[in-house]
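Okay, my_file01.csv now, which holds CSV, C-alpha atoms and all ligand atoms:
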```csv
chain,number,residue,atom,x,y,z
A,1,MET,CA,-23.9,-13.2,-8.5
A,2,ALA,CA,-26.8,-15.4,-7.5
A,3,THR,CA,-27.1,-13.7,-4.1
A,4,ASP,CA,-30.8,-14.4,-3.8
A,5,SER,CA,-30.9,-17.9,-5.1
A,6,GLY,CA,-29.2,-19.8,-2.3
A,7,ALA,CA,-31.4,-19.7,0.8
A,8,GLY,CA,-31.9,-23.5,0.8
A,9,ASP,CA,-28.7,-24.4,-0.9
A,10,PRO,CA,-26.1,-26.0,1.4
A,11,ASP,CA,-23.3,-25.2,-1.0
A,12,TYR,CA,-24.3,-21.5,-1.0
A,13,GLN,CA,-24.7,-21.5,2.8
A,14,ARG,CA,-21.3,-23.1,3.2
A,15,ASN,CA,-19.8,-20.1,1.3
A,16,LEU,CA,-21.7,-17.6,3.4
A,17,GLN,CA,-20.4,-19.3,6.5
A,18,LEU,CA,-16.9,-19.0,5.3
A,19,LEU,CA,-17.3,-15.4,4.4
A,20,ARG,CA,-18.8,-14.6,7.9
A,21,GLU,CA,-15.9,-16.3,9.6
A,22,LEU,CA,-13.4,-14.4,7.5
A,23,GLN,CA,-15.2,-11.2,8.3
A,24,LEU,CA,-15.2,-11.9,12.0
A,25,SER,CA,-11.5,-12.8,12.1
A,26,GLY,CA,-10.6,-10.0,9.7
A,27,TYR,CA,-12.3,-7.3,11.8
A,28,ALA,CA,-10.8,-8.8,15.0
A,29,GLU,CA,-7.3,-8.9,13.6
A,30,ALA,CA,-7.5,-5.4,12.2
A,31,GLY,CA,-8.7,-4.2,15.6
A,32,LEU,CA,-11.8,-2.8,14.0
A,33,ASP,CA,-15.3,-3.0,15.3
A,34,PRO,CA,-17.5,-4.0,12.3
A,35,ALA,CA,-20.4,-2.0,13.8
A,36,LEU,CA,-18.2,1.1,14.0
A,37,PHE,CA,-16.8,0.4,10.5
A,38,LEU,CA,-20.3,0.2,9.1
A,39,ALA,CA,-21.6,3.1,11.2
A,40,SER,CA,-18.9,5.3,9.7
A,41,ARG,CA,-20.9,5.2,6.5
A,42,PRO,CA,-24.2,6.6,7.9
A,43,ARG,CA,-27.1,6.0,5.6
A,44,ALA,CA,-28.4,9.5,5.9
A,45,GLU,CA,-25.1,10.9,4.7
A,46,PHE,CA,-25.0,8.4,1.9
A,47,ASP,CA,-28.5,9.3,0.8
A,48,ALA,CA,-27.8,13.0,0.9
A,49,ARG,CA,-24.7,12.4,-1.3
A,50,MET,CA,-26.6,10.3,-3.7
A,51,LEU,CA,-29.4,12.8,-4.0
A,52,ASP,CA,-26.9,15.5,-4.6
A,53,LEU,CA,-25.3,13.4,-7.3
A,54,LEU,CA,-28.6,12.6,-9.0
A,55,LYS,CA,-29.6,16.2,-9.0
A,56,THR,CA,-26.4,17.2,-10.8
A,57,ILE,CA,-26.7,14.5,-13.4
A,58,SER,CA,-30.4,14.8,-13.9
A,59,PRO,CA,-31.2,18.5,-14.5
A,60,GLY,CA,-34.9,19.2,-14.8
A,61,VAL,CA,-36.0,16.1,-12.8
A,62,SER,CA,-38.0,17.0,-9.7
A,63,GLU,CA,-36.4,16.3,-6.3
A,64,GLN,CA,-39.4,14.1,-5.4
A,65,ALA,CA,-38.8,11.9,-8.5
A,66,LEU,CA,-35.1,11.6,-7.6
A,67,ARG,CA,-35.9,10.6,-4.0
A,68,GLU,CA,-38.2,7.9,-5.3
A,69,GLN,CA,-35.4,6.7,-7.6
A,70,LEU,CA,-33.0,6.6,-4.7
A,71,HIS,CA,-35.5,4.7,-2.6
A,72,LYS,CA,-36.0,2.2,-5.4
A,73,ASP,CA,-32.2,1.7,-5.8
A,74,GLY,CA,-32.0,1.1,-2.0
A,75,ALA,CA,-34.7,-1.5,-2.1
A,76,GLU,CA,-33.2,-3.2,-5.0
A,77,SER,CA,-29.8,-3.5,-3.3
A,78,SER,CA,-31.1,-4.4,0.1
A,79,GLY,CA,-30.6,-8.1,-0.7
A,80,ALA,CA,-27.2,-7.5,-2.1
A,81,ALA,CA,-25.1,-8.0,1.0
A,82,LEU,CA,-24.3,-11.6,1.8
A,83,THR,CA,-23.8,-11.1,5.5
A,84,GLU,CA,-24.6,-8.5,8.1
A,85,PHE,CA,-21.0,-7.2,8.0
A,86,GLU,CA,-21.5,-5.4,4.7
A,87,ASP,CA,-22.9,-2.3,3.4
A,88,PRO,CA,-25.8,-3.4,1.0
A,89,ARG,CA,-25.7,-0.1,-0.9
A,90,MET,CA,-22.0,-0.6,-1.8
A,91,LEU,CA,-22.5,-4.2,-2.8
A,92,GLY,CA,-25.6,-3.2,-4.7
A,93,ILE,CA,-23.5,-0.9,-6.9
A,94,LEU,CA,-21.1,-3.8,-7.6
A,95,LEU,CA,-23.8,-6.3,-8.2
A,96,ARG,CA,-25.4,-4.1,-10.8
A,97,PHE,CA,-22.1,-4.1,-12.7
A,98,ALA,CA,-21.9,-7.9,-12.2
A,99,LYS,CA,-25.5,-8.3,-13.5
A,100,GLN,CA,-24.7,-6.1,-16.5
A,101,ILE,CA,-21.7,-8.3,-17.4
A,102,GLU,CA,-23.7,-11.5,-17.0
A,103,ASP,CA,-26.7,-10.2,-18.9
A,104,GLY,CA,-24.4,-9.1,-21.7
A,105,MET,CA,-22.8,-12.6,-22.3
A,106,ALA,CA,-23.6,-14.3,-25.5
A,107,PRO,CA,-26.7,-16.6,-25.3
A,108,GLY,CA,-25.7,-20.1,-24.3
A,109,LYS,CA,-22.4,-19.0,-22.9
A,110,LYS,CA,-22.2,-20.1,-19.3
A,111,LEU,CA,-19.8,-18.9,-16.7
A,112,PRO,CA,-17.5,-21.7,-15.5
A,113,ALA,CA,-18.3,-20.8,-11.9
A,114,GLN,CA,-20.7,-18.6,-10.0
A,115,LEU,CA,-19.1,-15.6,-8.3
A,116,LEU,CA,-20.1,-14.3,-4.9
A,117,PHE,CA,-18.7,-10.9,-3.8
A,118,GLY,CA,-18.0,-10.1,-0.2
A,119,THR,CA,-15.9,-7.6,1.8
A,120,VAL,CA,-13.3,-8.2,4.5
A,121,PRO,CA,-10.9,-5.7,6.1
A,122,SER,CA,-8.0,-7.6,4.5
A,123,GLY,CA,-5.5,-4.9,3.9
A,124,ARG,CA,-5.0,-6.1,0.4
A,125,VAL,CA,-5.9,-3.8,-2.5
A,126,ASN,CA,-6.2,-6.7,-4.9
A,127,ALA,CA,-9.2,-9.0,-4.7
A,128,MET,CA,-8.7,-12.6,-3.7
A,129,ALA,CA,-10.6,-15.6,-5.0
A,130,VAL,CA,-11.4,-18.4,-2.6
A,131,ARG,CA,-13.2,-21.7,-3.2
A,132,MET,CA,-14.6,-24.3,-0.9
A,133,LYS,CA,-13.7,-27.8,-2.0
A,134,GLY,CA,-16.3,-29.1,-4.4
A,135,SER,CA,-18.3,-25.8,-4.5
A,136,ARG,CA,-19.7,-24.4,-7.7
A,137,TYR,CA,-19.2,-20.9,-6.2
A,138,ARG,CA,-16.1,-18.8,-6.0
A,139,LEU,CA,-16.0,-16.3,-3.2
A,140,ILE,CA,-14.4,-13.0,-4.4
A,141,ILE,CA,-13.1,-11.1,-1.4
A,142,LEU,CA,-12.6,-7.4,-1.7
A,143,ASP,CA,-11.1,-5.2,0.9
A,144,ALA,CA,-13.8,-3.6,3.0
A,145,GLY,CA,-12.2,-0.1,2.5
A,146,LEU,CA,-11.6,-0.4,-1.2
A,147,PHE,CA,-14.6,1.4,-2.6
A,148,GLY,CA,-14.7,4.0,0.0
A,149,PHE,CA,-11.1,4.6,-0.9
A,150,ALA,CA,-11.9,4.7,-4.6
A,151,ASN,CA,-14.7,7.2,-4.0
A,152,LEU,CA,-12.5,9.6,-2.0
A,153,VAL,CA,-9.5,9.4,-4.4
A,154,ALA,CA,-11.8,10.0,-7.4
A,155,LYS,CA,-13.1,13.2,-5.8
A,156,ALA,CA,-9.6,14.5,-5.0
A,157,VAL,CA,-8.4,13.8,-8.5
A,158,ALA,CA,-11.5,15.2,-10.2
A,159,ALA,CA,-11.0,18.4,-8.2
A,160,ALA,CA,-7.4,18.7,-9.3
A,161,LEU,CA,-7.9,18.4,-13.1
A,162,PRO,CA,-8.8,21.5,-15.1
A,163,VAL,CA,-12.3,20.5,-16.0
A,164,THR,CA,-14.9,22.8,-17.5
A,165,ILE,CA,-18.5,21.6,-17.3
A,166,SER,CA,-21.4,23.2,-19.0
A,167,ASP,CA,-25.0,22.0,-19.2
A,168,LYS,CA,-24.4,19.7,-22.1
A,169,SER,CA,-20.9,18.5,-21.8
A,170,THR,CA,-17.8,18.1,-19.7
A,171,SER,CA,-14.4,19.1,-21.1
A,172,TYR,CA,-11.0,18.8,-19.7
A,173,SER,CA,-7.8,20.6,-20.4
A,174,THR,CA,-5.0,18.1,-20.6
A,175,LEU,CA,-2.4,20.7,-21.4
A,176,PRO,CA,0.5,20.3,-18.9
A,177,ALA,CA,0.7,24.0,-18.2
A,178,GLU,CA,-3.0,24.2,-17.4
A,179,VAL,CA,-2.9,21.1,-15.2
A,180,ASP,CA,0.0,22.7,-13.3
A,181,ARG,CA,-1.8,26.0,-13.0
A,182,ARG,CA,-4.9,24.3,-11.6
A,183,LEU,CA,-2.7,22.4,-9.1
A,184,ALA,CA,-1.0,25.5,-8.0
A,185,SER,CA,-4.2,27.5,-7.5
A,186,HIS,CA,-6.2,24.6,-5.9
A,187,PRO,CA,-4.2,23.1,-2.9
A,188,GLU,CA,-7.2,21.4,-1.4
A,189,PRO,CA,-7.3,18.3,-3.5
A,190,LEU,CA,-3.8,17.5,-2.5
A,191,ALA,CA,-4.7,17.7,1.2
A,192,ARG,CA,-7.7,15.5,0.5
A,193,PHE,CA,-5.7,13.0,-1.3
A,194,ALA,CA,-3.0,12.8,1.5
A,195,ASP,CA,-5.9,12.5,4.0
A,196,VAL,CA,-7.5,9.5,2.4
A,197,ILE,CA,-4.2,7.7,1.7
A,198,LEU,CA,-3.2,8.1,5.4
A,199,ALA,CA,-6.7,7.2,6.6
A,200,TYR,CA,-6.5,4.0,4.7
A,201,VAL,CA,-2.9,3.0,5.4
A,202,VAL,CA,-2.4,4.3,8.9
A,203,GLY,CA,-6.0,4.4,10.2
A,204,GLY,CA,-6.9,1.1,8.4
A,205,ASN,CA,-10.2,2.7,7.1
A,206,PRO,CA,-10.4,5.2,4.3
A,207,GLN,CA,-13.7,6.4,5.9
A,208,ARG,CA,-11.6,8.0,8.7
A,209,ALA,CA,-10.7,10.7,6.2
A,210,GLN,CA,-12.6,13.8,6.7
A,211,ALA,CA,-16.0,13.6,4.9
A,212,TYR,CA,-17.0,16.3,2.5
A,213,LEU,CA,-19.3,16.7,-0.5
A,214,PRO,CA,-17.6,17.6,-3.8
A,215,THR,CA,-18.8,20.8,-5.4
A,216,PRO,CA,-21.7,19.9,-7.7
A,217,ASP,CA,-19.8,20.8,-10.9
A,218,LEU,CA,-17.3,18.1,-10.2
A,219,VAL,CA,-19.8,15.3,-9.5
A,220,PRO,CA,-20.2,14.0,-13.0
A,221,PHE,CA,-16.5,13.7,-13.5
A,222,SER,CA,-15.7,12.2,-10.1
A,223,SER,CA,-18.6,9.8,-10.4
A,224,SER,CA,-17.5,8.6,-13.8
A,225,LEU,CA,-14.0,8.0,-12.3
A,226,ARG,CA,-15.6,6.1,-9.5
A,227,ALA,CA,-17.9,4.1,-11.7
A,228,GLY,CA,-14.9,3.2,-13.9
A,229,ILE,CA,-13.0,1.9,-10.9
A,230,GLU,CA,-16.0,-0.2,-9.7
A,231,ALA,CA,-16.7,-1.5,-13.2
A,232,PHE,CA,-13.1,-2.6,-13.7
A,233,VAL,CA,-12.7,-4.3,-10.3
A,234,VAL,CA,-15.8,-6.4,-10.9
A,235,ALA,CA,-14.9,-7.0,-14.6
A,236,HIS,CA,-11.4,-8.2,-13.6
A,237,GLU,CA,-12.9,-11.0,-11.6
A,238,TYR,CA,-15.2,-12.0,-14.4
A,239,GLY,CA,-12.2,-11.9,-16.7
A,240,HIS,CA,-10.5,-14.5,-14.5
A,241,CYS,CA,-13.6,-16.6,-14.4
A,242,LEU,CA,-14.3,-16.4,-18.2
A,243,ALA,CA,-10.6,-17.2,-18.9
A,244,GLY,CA,-10.9,-20.4,-16.9
A,245,HIS,CA,-8.6,-19.3,-14.1
A,246,PHE,CA,-11.2,-20.2,-11.5
A,247,ASP,CA,-11.8,-23.7,-12.9
A,248,ASP,CA,-11.6,-26.8,-10.7
A,249,SER,CA,-8.2,-27.5,-12.1
A,250,ALA,CA,-6.8,-24.1,-10.9
A,251,GLU,CA,-3.8,-24.2,-8.7
A,252,THR,CA,-4.8,-23.5,-5.1
A,253,GLN,CA,-3.3,-23.2,-1.6
A,254,GLN,CA,-4.9,-24.0,1.7
A,255,PHE,CA,-6.6,-20.8,2.9
A,256,GLY,CA,-6.0,-19.9,6.5
A,257,MET,CA,-7.3,-22.3,9.0
A,258,MET,CA,-10.6,-23.0,7.3
A,259,PRO,CA,-11.1,-26.6,6.5
A,260,GLY,CA,-11.9,-27.1,2.8
A,261,ALA,CA,-11.2,-23.4,1.9
A,262,GLU,CA,-8.6,-22.8,-0.8
A,263,ARG,CA,-7.2,-19.7,-2.2
A,264,ILE,CA,-7.0,-19.7,-6.0
A,265,LEU,CA,-3.6,-18.8,-7.1
A,266,THR,CA,-2.8,-16.8,-10.2
A,267,ASP,CA,0.4,-15.5,-11.8
A,268,TRP,CA,1.3,-12.4,-13.8
A,269,GLN,CA,0.3,-13.9,-17.0
A,270,LYS,CA,-3.2,-14.6,-15.7
A,271,GLU,CA,-3.5,-11.2,-14.2
A,272,PHE,CA,-2.7,-9.6,-17.5
A,273,GLU,CA,-5.3,-11.8,-19.2
A,274,ALA,CA,-7.9,-10.8,-16.6
A,275,ASP,CA,-7.0,-7.1,-17.1
A,276,GLY,CA,-7.3,-7.6,-20.9
A,277,MET,CA,-10.8,-9.1,-20.6
A,278,ALA,CA,-11.7,-6.5,-17.9
A,279,THR,CA,-10.7,-3.7,-20.3
A,280,LEU,CA,-13.1,-5.0,-23.0
A,281,LEU,CA,-15.9,-5.6,-20.5
A,282,THR,CA,-15.4,-2.2,-18.9
A,283,LEU,CA,-15.5,-0.4,-22.3
A,284,LYS,CA,-18.7,-2.3,-23.1
A,285,ILE,CA,-20.6,-1.7,-19.9
A,286,MET,CA,-19.4,1.9,-19.5
A,287,THR,CA,-20.6,2.6,-23.1
A,288,GLU,CA,-23.9,1.0,-22.4
A,289,ARG,CA,-24.2,3.4,-19.4
A,290,GLY,CA,-23.6,6.3,-21.7
A,291,TYR,CA,-20.0,7.2,-20.8
A,292,ASP,CA,-17.6,8.5,-23.4
A,293,PRO,CA,-15.1,5.8,-24.4
A,294,ALA,CA,-12.3,8.3,-23.5
A,295,LEU,CA,-13.6,8.3,-20.0
A,296,SER,CA,-14.3,4.6,-19.6
A,297,LEU,CA,-10.9,3.4,-18.7
A,298,ILE,CA,-9.7,6.4,-16.7
A,299,GLY,CA,-11.1,4.9,-13.5
A,300,ALA,CA,-9.1,1.7,-13.9
A,301,ASP,CA,-6.1,3.8,-14.7
A,302,LEU,CA,-6.5,5.9,-11.6
A,303,PHE,CA,-7.1,2.8,-9.5
A,304,PHE,CA,-3.8,1.2,-10.7
A,305,ALA,CA,-2.0,4.5,-10.0
A,306,CYS,CA,-3.4,4.6,-6.5
A,307,ILE,CA,-2.6,0.9,-5.8
A,308,GLY,CA,1.0,1.8,-6.6
A,309,LEU,CA,0.9,4.7,-4.2
A,310,VAL,CA,-0.7,2.7,-1.5
A,311,TYR,CA,2.1,0.1,-1.8
A,312,GLU,CA,4.7,2.8,-1.7
A,313,THR,CA,3.1,4.4,1.3
A,314,VAL,CA,3.0,1.1,3.2
A,315,SER,CA,6.6,0.5,2.3
A,316,ILE,CA,7.9,3.9,3.4
A,317,LEU,CA,6.0,3.9,6.7
A,318,GLN,CA,7.0,0.3,7.4
A,319,THR,CA,10.7,0.3,6.4
A,320,GLY,CA,11.6,4.0,5.7
A,321,GLN,CA,12.3,3.0,2.1
A,322,SER,CA,10.6,2.5,-1.2
A,323,ARG,CA,10.0,-1.1,-2.3
A,324,THR,CA,13.0,-2.9,-3.8
A,325,GLU,CA,12.9,-4.4,-7.3
A,326,GLU,CA,12.9,-7.7,-5.7
A,327,GLN,CA,9.8,-6.9,-3.6
A,328,VAL,CA,8.0,-5.7,-6.7
A,329,ARG,CA,8.9,-8.8,-8.6
A,330,ALA,CA,7.8,-11.1,-5.8
A,331,ARG,CA,4.2,-9.8,-5.8
A,332,SER,CA,1.2,-11.8,-6.9
A,333,HIS,CA,0.1,-9.0,-9.3
A,334,PRO,CA,2.2,-7.2,-11.9
A,335,PRO,CA,3.4,-3.6,-11.1
A,336,PRO,CA,0.6,-1.1,-11.5
A,337,ALA,CA,2.5,0.9,-14.0
A,338,LEU,CA,2.6,-2.1,-16.4
A,339,ARG,CA,-1.1,-2.8,-15.8
A,340,ARG,CA,-1.9,0.8,-16.7
A,341,ALA,CA,0.0,0.5,-20.0
A,342,VAL,CA,-1.7,-2.8,-20.8
A,343,ILE,CA,-5.3,-1.4,-20.6
A,344,TYR,CA,-4.6,1.3,-23.2
A,345,GLU,CA,-2.8,-1.2,-25.4
A,346,ILE,CA,-5.9,-3.5,-25.3
A,347,MET,CA,-8.2,-0.6,-26.0
A,348,LYS,CA,-6.2,0.1,-29.2
A,349,GLN,CA,-6.0,-3.5,-30.2
A,350,ALA,CA,-9.8,-3.8,-29.7
A,351,GLY,CA,-10.3,-1.3,-32.5
A,352,ALA,CA,-11.1,1.8,-30.5
A,353,PRO,CA,-11.3,4.8,-32.9
A,354,ASP,CA,-8.0,6.8,-33.0
A,355,GLU,CA,-9.7,9.8,-31.6
A,356,ALA,CA,-11.1,8.0,-28.6
A,357,TYR,CA,-7.7,6.3,-28.0
A,358,ALA,CA,-5.9,9.6,-28.2
A,359,ALA,CA,-8.4,11.4,-25.9
A,360,ALA,CA,-8.1,8.5,-23.4
A,361,THR,CA,-4.3,8.5,-23.3
A,362,ASP,CA,-4.2,12.3,-23.2
A,363,LEU,CA,-6.4,12.3,-20.2
A,364,SER,CA,-4.3,9.5,-18.6
A,365,GLN,CA,-1.2,11.7,-18.9
A,366,ALA,CA,-2.9,14.7,-17.4
A,367,MET,CA,-4.1,12.5,-14.5
A,368,SER,CA,-0.6,11.1,-14.0
A,369,ARG,CA,0.6,14.7,-13.8
A,370,VAL,CA,-1.9,15.2,-10.9
A,371,THR,CA,-1.0,12.0,-9.0
A,372,ASP,CA,2.7,12.6,-9.5
A,373,ALA,CA,2.3,16.1,-8.1
A,374,PHE,CA,0.3,14.6,-5.1
A,375,TRP,CA,3.0,12.1,-4.5
A,376,ALA,CA,5.8,14.6,-4.7
A,377,GLU,CA,4.2,16.4,-1.8
A,378,LEU,CA,3.3,13.3,0.2
A,379,GLU,CA,6.5,11.3,-0.1
A,380,PRO,CA,8.7,13.5,2.1
A,381,GLN,CA,5.9,13.8,4.6
A,382,LEU,CA,5.8,9.9,4.8
A,383,HIS,CA,9.6,9.8,5.5
A,384,ARG,CA,9.1,12.3,8.3
A,385,MET,CA,6.2,10.2,9.7
A,386,HIS,CA,8.3,7.0,9.6
A,387,ALA,CA,11.1,8.8,11.5
A,388,GLU,CA,8.5,9.8,14.1
A,389,GLY,CA,7.4,6.2,14.5
A,390,VAL,CA,4.2,6.2,12.5
A,391,ARG,CA,3.5,2.7,11.0
A,392,PRO,CA,0.9,1.2,8.8
A,393,ALA,CA,-2.3,-0.3,10.4
A,394,PRO,CA,-2.0,-4.0,11.4
A,395,ALA,CA,-4.1,-5.1,8.4
A,396,TRP,CA,-1.3,-3.9,6.0
A,397,GLN,CA,1.5,-5.9,7.7
A,398,ASP,CA,1.2,-8.7,5.0
A,399,GLU,CA,1.3,-6.3,2.2
A,400,LEU,CA,5.1,-6.3,2.0
A,401,ALA,CA,5.5,-9.9,2.8
B,501,ZN,ZN,-6.6,-10.8,-10.6
```
Could you render the structure as structure tokens?
Ligand SMILES: [Zn+2]
Amino acid sequence: MATDSGAGDPDYQRNLQLLRELQLSGYAEAGLDPALFLASRPRAEFDARMLDLLKTISPGVSEQALREQLHKDGAESSGAALTEFEDPRMLGILLRFAKQIEDGMAPGKKLPAQLLFGTVPSGRVNAMAVRMKGSRYRLIILDAGLFGFANLVAKAVAAALPVTISDKSTSYSTLPAEVDRRLASHPEPLARFADVILAYVVGGNPQRAQAYLPTPDLVPFSSSLRAGIEAFVVAHEYGHCLAGHFDDSAETQQFGMMPGAERILTDWQKEFEADGMATLLTLKIMTERGYDPALSLIGADLFFACIGLVYETVSILQTGQSRTEEQVRARSHPPPALRRAVIYEIMKQAGAPDEAYAAATDLSQAMSRVTDAFWAELEPQLHRMHAEGVRPAPAWQDELA
């Protein structure tokens, strides 16, 4: 965090300089104009979407009061972006989760390092931690398209699940027959899902997917999916930090051509540890925000499912084939399917009530049914696209390496 504390701090400035260089080279390599990338998230559209969302989740509150709230949120997050290449609103959302995690730490417990979050069009769905030699900060680099991707995927999946929403509560049918019936009668979410995957993998920017507003009845569910993804991604990095993975003694590798910049290396064991801590932190912060425990992990679950599908999409478009076992094993992060299983296992071990655990895993299975159905439609299409010469955007070239 500590985004506002470093104006006169050379250590902080050094990290900002590194981030700015990474962003400049990242956008250049990806062939993206940062101005266009940011312009593709017009503020007015964002505000309209947020207002719509606020209206849905705050029945009975005047539009004027909601507009004021929105303005306040905007002002609070305006200092969030570390550089001019970022969307302060998006980082504002992340930093509120980060603050919630830091505020919730036991008194006297100090983080081993200070985290700074920044976005770069990296073509990597997993975050990367970088440190400057001797710095007390760790720069957490997220893909610039990641949260736009999460938002669009959350909307598509929310629209595909049989959800019934009344004034007071949201209920979902997780019965396979009802999930199938909804999928058969609602073909639009599938098209939306394919659109965002292809916009991200082929177009290099999920915001190239056609923009649309979800129907208001779906907003509470899609926004809880999205919040769950954002919370987990932030919590995962805090998990690494709290577990000591970002300590000075961490194994590192020279990072690109930047003098003094090192990428912090992790292994599967550390990734599982970070996921475990992130699960506990996510349950805590989502509960504090009033989400049902059964809904708190579904975002993380969906995120892992989508990471898996993005990898597969890159592989099929690049090589015409799914990834080999060997390619899966060689990755820095464990296979998404394993990570999905681990979060529910941790939830159980952490003493979640049987009912909440059962509801969470039930919903997870219904969601898998949806993403499996999406994939069954998309996969043959990807093979045809590969045969026609369609390839992933340049930023994804390393993803299979
Ligand atoms: Zn990690």
**OP:** Produce as a list in words the set of residues near ligand ZN 501 (chain B), where near means within 10 Å with only C-alpha atoms and all ligand atoms considered.
**Re:** Asn126, Ala127, Met128, Ala129, Val233, Ala235, His236, Glu237, Tyr238, Gly239, His240, Cys241, His245, Leu265, Thr266, Asp267, Trp268, Gln269, Lys270, Glu271, Phe272, Glu273, Ala274, Asp275, Ala278, Ser332, His333 and Pro334 of chain A
Which residues of range 311-398 of chain A sit at most 12 Å from range 283-293 of chain A, using all atoms listed in the file? Give each one's shortest atom pair and distance in Å (one decimal place), in chain and ascending residue order, as CSV.
```
residue,atom,partner,partner_atom,distance
A:Ile343,CA,A:Leu283,CA,10.4
A:Tyr344,CA,A:Leu283,CA,11.1
A:Ile346,CA,A:Leu283,CA,10.5
A:Met347,CA,A:Leu283,CA,8.2
A:Lys348,CA,A:Leu283,CA,11.6
A:Ala350,CA,A:Leu283,CA,9.9
A:Gly351,CA,A:Leu283,CA,11.5
A:Ala352,CA,A:Pro293,CA,8.3
A:Pro353,CA,A:Pro293,CA,9.4
A:Asp354,CA,A:Pro293,CA,11.2
A:Glu355,CA,A:Pro293,CA,9.8
A:Ala356,CA,A:Pro293,CA,6.2
A:Tyr357,CA,A:Pro293,CA,8.2
A:Ala358,CA,A:Pro293,CA,10.7
A:Ala359,CA,A:Pro293,CA,8.9
A:Ala360,CA,A:Pro293,CA,7.6
A:Thr361,CA,A:Pro293,CA,11.2
A:Leu363,CA,A:Pro293,CA,11.6
```
Output C-alpha atoms of each residue in that selection to a file, as a PDB file, keeping the file's coordinate frame.
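Result file is result00.pdb:
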```pdb
ATOM      1  CA  ILE A 343      -5.300  -1.400 -20.600  1.00  0.00           C
ATOM      2  CA  TYR A 344      -4.600   1.300 -23.200  1.00  0.00           C
ATOM      3  CA  ILE A 346      -5.900  -3.500 -25.300  1.00  0.00           C
ATOM      4  CA  MET A 347      -8.200  -0.600 -26.000  1.00  0.00           C
ATOM      5  CA  LYS A 348      -6.200   0.100 -29.200  1.00  0.00           C
ATOM      6  CA  ALA A 350      -9.800  -3.800 -29.700  1.00  0.00           C
ATOM      7  CA  GLY A 351     -10.300  -1.300 -32.500  1.00  0.00           C
ATOM      8  CA  ALA A 352     -11.100   1.800 -30.500  1.00  0.00           C
ATOM      9  CA  PRO A 353     -11.300   4.800 -32.900  1.00  0.00           C
ATOM     10  CA  ASP A 354      -8.000   6.800 -33.000  1.00  0.00           C
ATOM     11  CA  GLU A 355      -9.700   9.800 -31.600  1.00  0.00           C
ATOM     12  CA  ALA A 356     -11.100   8.000 -28.600  1.00  0.00           C
ATOM     13  CA  TYR A 357      -7.700   6.300 -28.000  1.00  0.00           C
ATOM     14  CA  ALA A 358      -5.900   9.600 -28.200  1.00  0.00           C
ATOM     15  CA  ALA A 359      -8.400  11.400 -25.900  1.00  0.00           C
ATOM     16  CA  ALA A 360      -8.100   8.500 -23.400  1.00  0.00           C
ATOM     17  CA  THR A 361      -4.300   8.500 -23.300  1.00  0.00           C
ATOM     18  CA  LEU A 363      -6.400  12.300 -20.200  1.00  0.00           C
TER      19      LEU A 363
END
```
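Here CA of Tyr172 in chain A is placed at a distance of 22.5 Å from CA of Thr279 in chain A.
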Original post:
Separation of CA of Ala305 in chain A and CA of Ala199 in chain A, in Å?
Top reply: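 So the two atoms, CA of Ala305 in chain A and CA of Ala199 in chain A, lie 17.5 Å apart.
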**OP:** Have a look at CA of Ile307 in chain A and CA of Pro335 in chain A and let me know their distance in Å, one decimal.
**Re:**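 If I compute the distance from CA of Ile307 in chain A to CA of Pro335 in chain A, I get 9.2 Å.
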So that I can see what lies close to Leu94 in chain A, please list as a PDB file with C-alpha atoms, keeping the file's coordinate frame the residues with an atom at most 7 Å from it, counting only C-alpha atoms and leaving out residues fewer than 4 positions away in the same chain.
```pdb
ATOM      1  CA  MET A  90     -22.000  -0.600  -1.800  1.00  0.00           C
ATOM      2  CA  ALA A  98     -21.900  -7.900 -12.200  1.00  0.00           C
ATOM      3  CA  GLU A 230     -16.000  -0.200  -9.700  1.00  0.00           C
ATOM      4  CA  VAL A 234     -15.800  -6.400 -10.900  1.00  0.00           C
TER       5      VAL A 234
END
```
**OP:** Could you give me, as a PyMOL selection string, the residues within 12 Å of Ala159 in chain A, counting only C-alpha atoms and dropping anything in the same chain fewer than 3 positions from it?
**Re:** chain A and resi 152-156+162-164+172+179+182-183+185-193+213-223+225+367+370-371
Original post:
Which is closer to Val130 in chain A than all the others in A:Leu91, A:Val202, A:Leu32, A:Leu16, using all atoms listed in the file?
Top reply: A:Leu16
**OP:** Find the residues near range 315-319 of chain A: any atom within 9 Å, counting all atoms listed in the file, skip ones fewer than 6 places away on the same chain, and give them as a list of chain:residue names.
**Re:**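 Near range 315-319 of chain A, the qualifying residues are A:Val202, A:Glu379, A:Leu382, A:His383, A:Met385, A:His386, A:Ala387, A:Gly389, A:Val390, A:Arg391, A:Pro392, A:Gln397, A:Glu399, A:Leu400.
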Subject >> Minimum-distance residue to Gly148 in chain A, chosen among A:Ala366, A:Val61, A:Ala211, A:Ala28 (using all atoms listed in the file) >> reply: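 Looking only at the distances to Gly148 in chain A, the closest residue turns out to be A:Ala211.
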With a distance cut-off of 8 Å and only C-alpha atoms, select the neighbouring residues of Pro206 in chain A, excluding the residue or stretch itself and same-chain residues fewer than 2 positions from it, and output the selection as a tab-separated table (two decimals) with C-alpha atoms, in the frame of the given file.
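What landed in part-v9.tsv:
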```
chain	number	residue	atom	x	y	z
A	145	GLY	CA	-12.20	-0.10	2.50
A	146	LEU	CA	-11.60	-0.40	-1.20
A	148	GLY	CA	-14.70	4.00	0.00
A	149	PHE	CA	-11.10	4.60	-0.90
A	152	LEU	CA	-12.50	9.60	-2.00
A	196	VAL	CA	-7.50	9.50	2.40
A	197	ILE	CA	-4.20	7.70	1.70
A	198	LEU	CA	-3.20	8.10	5.40
A	199	ALA	CA	-6.70	7.20	6.60
A	200	TYR	CA	-6.50	4.00	4.70
A	201	VAL	CA	-2.90	3.00	5.40
A	203	GLY	CA	-6.00	4.40	10.20
A	204	GLY	CA	-6.90	1.10	8.40
A	208	ARG	CA	-11.60	8.00	8.70
A	209	ALA	CA	-10.70	10.70	6.20
```
